Amino acid sequence: MKLVVNGQEVEPSKKVKLYRVITPSRSKKILEDPEELQKLKAELETSPENG
Amino acid sequence: MTSLILTPSSPEGNPIFAPTTVYVPEAGVFKGYVHPATLNAQNIWDEKLDVPIYLQAGGCWVRNATQGDYGELAVVDKDDVLGLFAYYGLTKGVDILELRKHVRTLYFPAGSFECSIDFETKSYIPAGLYLREIYVSTGTSGDQPILGVHYKFYEV
């Protein structure tokens with residue numbers, strides 16, 4: 001199946017990568033609360049395997 | 001078939017039954033897009049937000065769908081607005097960080113389809129992020145599918 005991004009066909013080798021790394025409830029918090037975003041970054045710094 | 005709900009509602013998405021006694025936001029916005037889709041392809045359109053919004057509701061209509069086609073709506077960070085790319089080893093300009101998926105595999109019947117969606121709570125989305133609309137076409141012949149999308153939101 002082809003991939004078309006904004007009307008332009010994208011080569012499979014250049015396929016846009018999708019990452020969904022944050023749970024929905026956490027996502028809502030980090031978007032609404034800058035402190036929650038900083039808390040997530042702090043957790044990622046101490047747990048690099050999460051990446 | 002349903003239509004977009006035009007009833008006044010609070011920023012939290014609750015209907016306002018007594019507009020004269022409840023604060024009614026003045027920055028409510030309806031915004032729509034129309035996208036011709038490519039047959040037998042995963043079609044993606046990204047709408048960049050120039051200002052932060054509270055997303056309240058949305059809807060879509062589809063023409064020339066094939067049984068098995070479906071749509072999705074996500075909120076993505078393409079430009080590292082949140083500063084999370086480095087933590088996940090992502091490359092700006094190449095990778096996409098998908099933050100939320102408001103609509104997942106909304107399958108369409110063959111032909112035409114319309115629907116509206118109210119979110120249970122307002123959804124704050126910072127400026128610089130994108131609303132990502134996805135239409136997966138499974139048809140291989142016939143007329144080109146067309147996706148119409150509209151949103152109801154409040155600009156902050």
# chains A, B, ... in the order shown; residues from 1 in each chain; ligands from 1
$ interface_residues --of "chain B" --to "chain A" --cutoff "8 Å" --atoms "only C-alpha atoms" --output "mmCIF file with N, CA and C atoms, in the first residue's frame"
data_model
loop_
_atom_site.group_PDB
_atom_site.id
_atom_site.type_symbol
_atom_site.label_atom_id
_atom_site.label_comp_id
_atom_site.auth_asym_id
_atom_site.auth_seq_id
_atom_site.Cartn_x
_atom_site.Cartn_y
_atom_site.Cartn_z
ATOM 1 N N ALA B 37 -8.487 11.861 -1.630
ATOM 2 C CA ALA B 37 -7.537 10.819 -1.215
ATOM 3 C C ALA B 37 -7.111 9.966 -2.402
ATOM 4 N N THR B 38 -5.957 9.376 -2.296
ATOM 5 C CA THR B 38 -5.446 8.460 -3.315
ATOM 6 C C THR B 38 -5.963 7.054 -3.033
ATOM 7 N N ASN B 40 -6.205 3.093 -2.688
ATOM 8 C CA ASN B 40 -5.302 2.037 -2.233
ATOM 9 C C ASN B 40 -4.020 2.614 -1.625
ATOM 10 N N ALA B 41 -4.191 3.549 -0.699
ATOM 11 C CA ALA B 41 -3.037 4.192 -0.076
ATOM 12 C C ALA B 41 -3.404 4.657 1.323
ATOM 13 N N GLN B 42 -2.386 4.806 2.151
ATOM 14 C CA GLN B 42 -2.571 5.463 3.438
ATOM 15 C C GLN B 42 -2.336 6.946 3.215
ATOM 16 N N ASN B 43 -3.398 7.719 3.318
ATOM 17 C CA ASN B 43 -3.321 9.157 3.065
ATOM 18 C C ASN B 43 -3.216 9.910 4.384
ATOM 19 N N ILE B 44 -2.289 10.854 4.451
ATOM 20 C CA ILE B 44 -2.070 11.625 5.669
ATOM 21 C C ILE B 44 -2.071 13.106 5.341
ATOM 22 N N TRP B 45 -2.779 13.872 6.162
ATOM 23 C CA TRP B 45 -2.729 15.330 6.039
ATOM 24 C C TRP B 45 -2.459 15.909 7.426
ATOM 25 N N ASP B 46 -1.553 16.855 7.480
ATOM 26 C CA ASP B 46 -1.192 17.473 8.752
ATOM 27 C C ASP B 46 -1.615 18.936 8.748
ATOM 28 N N LEU B 82 7.690 20.071 21.891
ATOM 29 C CA LEU B 82 7.700 19.717 23.312
ATOM 30 C C LEU B 82 9.101 19.400 23.812
ATOM 31 N N LEU B 84 10.904 16.672 23.221
ATOM 32 C CA LEU B 84 11.026 15.263 23.627
ATOM 33 C C LEU B 84 11.819 14.409 22.633
ATOM 34 N N TYR B 87 15.073 12.699 23.794
ATOM 35 C CA TYR B 87 14.904 11.631 24.783
ATOM 36 C C TYR B 87 14.556 10.297 24.115
ATOM 37 N N TYR B 88 13.875 10.372 22.975
ATOM 38 C CA TYR B 88 13.458 9.153 22.297
ATOM 39 C C TYR B 88 14.318 8.833 21.076
ATOM 40 N N GLY B 89 15.369 9.601 20.861
ATOM 41 C CA GLY B 89 16.245 9.337 19.736
ATOM 42 C C GLY B 89 15.608 9.636 18.389
ATOM 43 N N VAL B 94 12.327 14.217 10.175
ATOM 44 C CA VAL B 94 12.189 12.842 9.688
ATOM 45 C C VAL B 94 11.126 12.096 10.485
ATOM 46 N N ASP B 95 11.259 12.145 11.788
ATOM 47 C CA ASP B 95 10.390 11.355 12.649
ATOM 48 C C ASP B 95 9.183 12.155 13.130
ATOM 49 N N ILE B 96 8.208 11.422 13.557
ATOM 50 C CA ILE B 96 6.973 12.005 14.060
ATOM 51 C C ILE B 96 6.713 11.436 15.452
ATOM 52 N N LEU B 97 6.412 12.306 16.392
ATOM 53 C CA LEU B 97 6.033 11.840 17.727
ATOM 54 C C LEU B 97 4.515 11.939 17.842
ATOM 55 N N GLU B 98 3.881 10.789 17.883
ATOM 56 C CA GLU B 98 2.428 10.773 17.996
ATOM 57 C C GLU B 98 2.052 10.849 19.466
ATOM 58 N N LEU B 99 1.338 11.908 19.828
ATOM 59 C CA LEU B 99 1.044 12.163 21.231
ATOM 60 C C LEU B 99 -0.324 11.642 21.657
ATOM 61 N N ARG B 100 -1.303 11.809 20.810
ATOM 62 C CA ARG B 100 -2.645 11.348 21.139
ATOM 63 C C ARG B 100 -3.316 10.835 19.877
ATOM 64 N N LYS B 101 -4.242 9.928 20.077
ATOM 65 C CA LYS B 101 -5.044 9.465 18.942
ATOM 66 C C LYS B 101 -6.508 9.568 19.347
ATOM 67 N N SER B 123 -9.749 19.212 25.058
ATOM 68 C CA SER B 123 -8.399 18.699 24.856
ATOM 69 C C SER B 123 -7.496 19.864 24.481
ATOM 70 N N TYR B 124 -6.597 20.224 25.379
ATOM 71 C CA TYR B 124 -5.692 21.334 25.126
ATOM 72 C C TYR B 124 -4.559 20.875 24.200
ATOM 73 N N ILE B 125 -4.326 21.647 23.148
ATOM 74 C CA ILE B 125 -3.256 21.318 22.208
ATOM 75 C C ILE B 125 -2.422 22.579 21.993
ATOM 76 N N PRO B 126 -1.153 22.555 22.368
ATOM 77 C CA PRO B 126 -0.299 23.735 22.228
ATOM 78 C C PRO B 126 -0.080 24.110 20.761
#
$ select_by_dssp --residues "chain A" --states "strand (DSSP E)" --output "PyMOL selection string"
chain A and resi 2-5+8-10+17-19
$ atom_distance --atom1 "atom CA of Val76 of chain B" --atom2 "atom CA of Leu55 of chain B"
14.1 Å
$ select_by_dssp --residues "chain A" --states "helix (DSSP H, G or I)" --output "ChimeraX atom specification"
/A:12-14,24-32,34-46,48-50
$ write_last_selection --atoms "C-alpha atoms" --output "mmCIF file, in the first residue's frame"
data_model
loop_
_atom_site.group_PDB
_atom_site.id
_atom_site.type_symbol
_atom_site.label_atom_id
_atom_site.label_comp_id
_atom_site.auth_asym_id
_atom_site.auth_seq_id
_atom_site.Cartn_x
_atom_site.Cartn_y
_atom_site.Cartn_z
ATOM 1 C CA PRO A 12 8.615 3.460 1.292
ATOM 2 C CA SER A 13 12.259 4.002 2.220
ATOM 3 C CA LYS A 14 11.322 7.478 3.424
ATOM 4 C CA PRO A 24 -3.193 8.671 26.473
ATOM 5 C CA SER A 25 -3.747 9.866 30.039
ATOM 6 C CA ARG A 26 -0.118 10.957 30.357
ATOM 7 C CA SER A 27 -0.317 12.677 27.005
ATOM 8 C CA LYS A 28 -3.247 14.803 28.140
ATOM 9 C CA LYS A 29 -1.316 15.836 31.253
ATOM 10 C CA ILE A 30 1.891 16.804 29.514
ATOM 11 C CA LEU A 31 0.023 18.890 26.964
ATOM 12 C CA GLU A 32 -1.904 20.784 29.608
ATOM 13 C CA PRO A 34 4.293 22.204 31.680
ATOM 14 C CA GLU A 35 5.334 20.773 35.049
ATOM 15 C CA GLU A 36 4.114 17.343 33.972
ATOM 16 C CA LEU A 37 6.202 17.637 30.804
ATOM 17 C CA GLN A 38 9.289 18.448 32.853
ATOM 18 C CA LYS A 39 8.525 15.508 35.139
ATOM 19 C CA LEU A 40 8.378 13.193 32.104
ATOM 20 C CA LYS A 41 11.713 14.505 30.842
ATOM 21 C CA ALA A 42 13.274 13.910 34.242
ATOM 22 C CA GLU A 43 12.000 10.331 34.208
ATOM 23 C CA LEU A 44 13.392 9.766 30.717
ATOM 24 C CA GLU A 45 16.784 11.072 31.771
ATOM 25 C CA THR A 46 16.982 8.514 34.545
ATOM 26 C CA PRO A 48 17.116 5.885 29.023
ATOM 27 C CA GLU A 49 15.852 2.429 28.091
ATOM 28 C CA ASN A 50 12.386 3.977 27.715
#
$ atom_distance --atom1 "atom CA of Tyr154 of chain B" --atom2 "atom CA of Ile53 of chain B"
5.4 Å
